[in-house]
Amino acid sequence: MFGLSPDDIAEDAFEVWPCCWDAVRLFEAMSTQWRVGMGGAVGLDYGVVRDVARLIGIKTKALPDTFADLRAMEAEALAVMREQAK
């Protein structure tokens, strides 16, 4: 359907629960919105979250829960980036 074959899918594929799908989509859409300091990434630019969410079709009423999930993913991503920088 998308032009992919089974060989195109990584072996370390993961499942996303339906209740988390909006947060995953938002995190991916925010991938170019990292604020960076002298020591590397410091967090996402929250000033554009609402606009990006709207652009990808996340309903305003879902945004508070989605934002909380986004922040959890951001914290884990920052931890991984710090670890990889060592």
# chains A, B, ... in the order shown; residues from 1 in each chain; ligands from 1
>>> residues_around(residues="Met81 (chain A)", least_positions_apart="6", cutoff="12 Å", atoms="only C-alpha atoms", output="JSON, numbers by chain")
{"A": [34, 36, 39, 40, 41, 42, 43, 74, 75]}
>>> residues_around(residues="Met73 (chain A)", least_positions_apart="6", cutoff="12 Å", atoms="only C-alpha atoms", output="list in words")
Cys20, Ala23, Val24, Arg25, Leu26, Phe27, Glu28, Met30, Ser31, Gly43, Leu44, Thr66, Phe67, Ala79 and Val80 of chain A
>>> write_last_selection(atoms="N, CA and C atoms", output="PDB file, in the first residue's frame")
ATOM      1  N   CYS A  20      -1.736   6.836  22.615  1.00  0.00           N
ATOM      2  CA  CYS A  20      -0.479   7.590  22.547  1.00  0.00           C
ATOM      3  C   CYS A  20      -0.146   8.067  21.140  1.00  0.00           C
ATOM      4  N   ALA A  23       0.502  11.824  20.487  1.00  0.00           N
ATOM      5  CA  ALA A  23       1.769  12.298  21.058  1.00  0.00           C
ATOM      6  C   ALA A  23       2.954  11.872  20.199  1.00  0.00           C
ATOM      7  N   VAL A  24       2.920  10.675  19.664  1.00  0.00           N
ATOM      8  CA  VAL A  24       3.996  10.203  18.794  1.00  0.00           C
ATOM      9  C   VAL A  24       4.035  11.037  17.514  1.00  0.00           C
ATOM     10  N   ARG A  25       2.860  11.297  16.950  1.00  0.00           N
ATOM     11  CA  ARG A  25       2.791  12.123  15.741  1.00  0.00           C
ATOM     12  C   ARG A  25       3.306  13.532  16.024  1.00  0.00           C
ATOM     13  N   LEU A  26       2.933  14.092  17.167  1.00  0.00           N
ATOM     14  CA  LEU A  26       3.375  15.440  17.519  1.00  0.00           C
ATOM     15  C   LEU A  26       4.884  15.472  17.761  1.00  0.00           C
ATOM     16  N   PHE A  27       5.399  14.480  18.467  1.00  0.00           N
ATOM     17  CA  PHE A  27       6.842  14.413  18.724  1.00  0.00           C
ATOM     18  C   PHE A  27       7.616  14.357  17.405  1.00  0.00           C
ATOM     19  N   GLU A  28       7.150  13.549  16.485  1.00  0.00           N
ATOM     20  CA  GLU A  28       7.810  13.427  15.187  1.00  0.00           C
ATOM     21  C   GLU A  28       7.723  14.751  14.427  1.00  0.00           C
ATOM     22  N   MET A  30       7.554  17.666  15.635  1.00  0.00           N
ATOM     23  CA  MET A  30       8.364  18.673  16.321  1.00  0.00           C
ATOM     24  C   MET A  30       9.865  18.397  16.187  1.00  0.00           C
ATOM     25  N   SER A  31      10.245  17.435  15.373  1.00  0.00           N
ATOM     26  CA  SER A  31      11.640  16.995  15.319  1.00  0.00           C
ATOM     27  C   SER A  31      12.630  18.088  14.915  1.00  0.00           C
ATOM     28  N   GLY A  43      15.667  21.209  25.064  1.00  0.00           N
ATOM     29  CA  GLY A  43      14.236  20.943  25.088  1.00  0.00           C
ATOM     30  C   GLY A  43      13.574  21.396  23.809  1.00  0.00           C
ATOM     31  N   LEU A  44      12.311  21.057  23.696  1.00  0.00           N
ATOM     32  CA  LEU A  44      11.536  21.459  22.524  1.00  0.00           C
ATOM     33  C   LEU A  44      11.055  22.900  22.670  1.00  0.00           C
ATOM     34  N   THR A  66      -2.064  15.247  25.325  1.00  0.00           N
ATOM     35  CA  THR A  66      -1.018  15.005  24.334  1.00  0.00           C
ATOM     36  C   THR A  66       0.268  15.729  24.726  1.00  0.00           C
ATOM     37  N   PHE A  67       0.139  16.945  25.247  1.00  0.00           N
ATOM     38  CA  PHE A  67       1.310  17.713  25.661  1.00  0.00           C
ATOM     39  C   PHE A  67       2.026  17.033  26.818  1.00  0.00           C
ATOM     40  N   ALA A  79      17.499  12.553  27.793  1.00  0.00           N
ATOM     41  CA  ALA A  79      18.348  11.618  28.539  1.00  0.00           C
ATOM     42  C   ALA A  79      19.186  10.768  27.589  1.00  0.00           C
ATOM     43  N   VAL A  80      18.587  10.308  26.501  1.00  0.00           N
ATOM     44  CA  VAL A  80      19.314   9.499  25.520  1.00  0.00           C
ATOM     45  C   VAL A  80      20.392  10.343  24.842  1.00  0.00           C
TER      46      VAL A  80
END
>>> atom_distance(atom1="CA of Arg50 (chain A)", atom2="CA of Leu63 (chain A)")
7.8 Å
>>> atom_distance(atom1="CA of Ile58 (chain A)", atom2="CA of Thr32 (chain A)")
18.3 Å
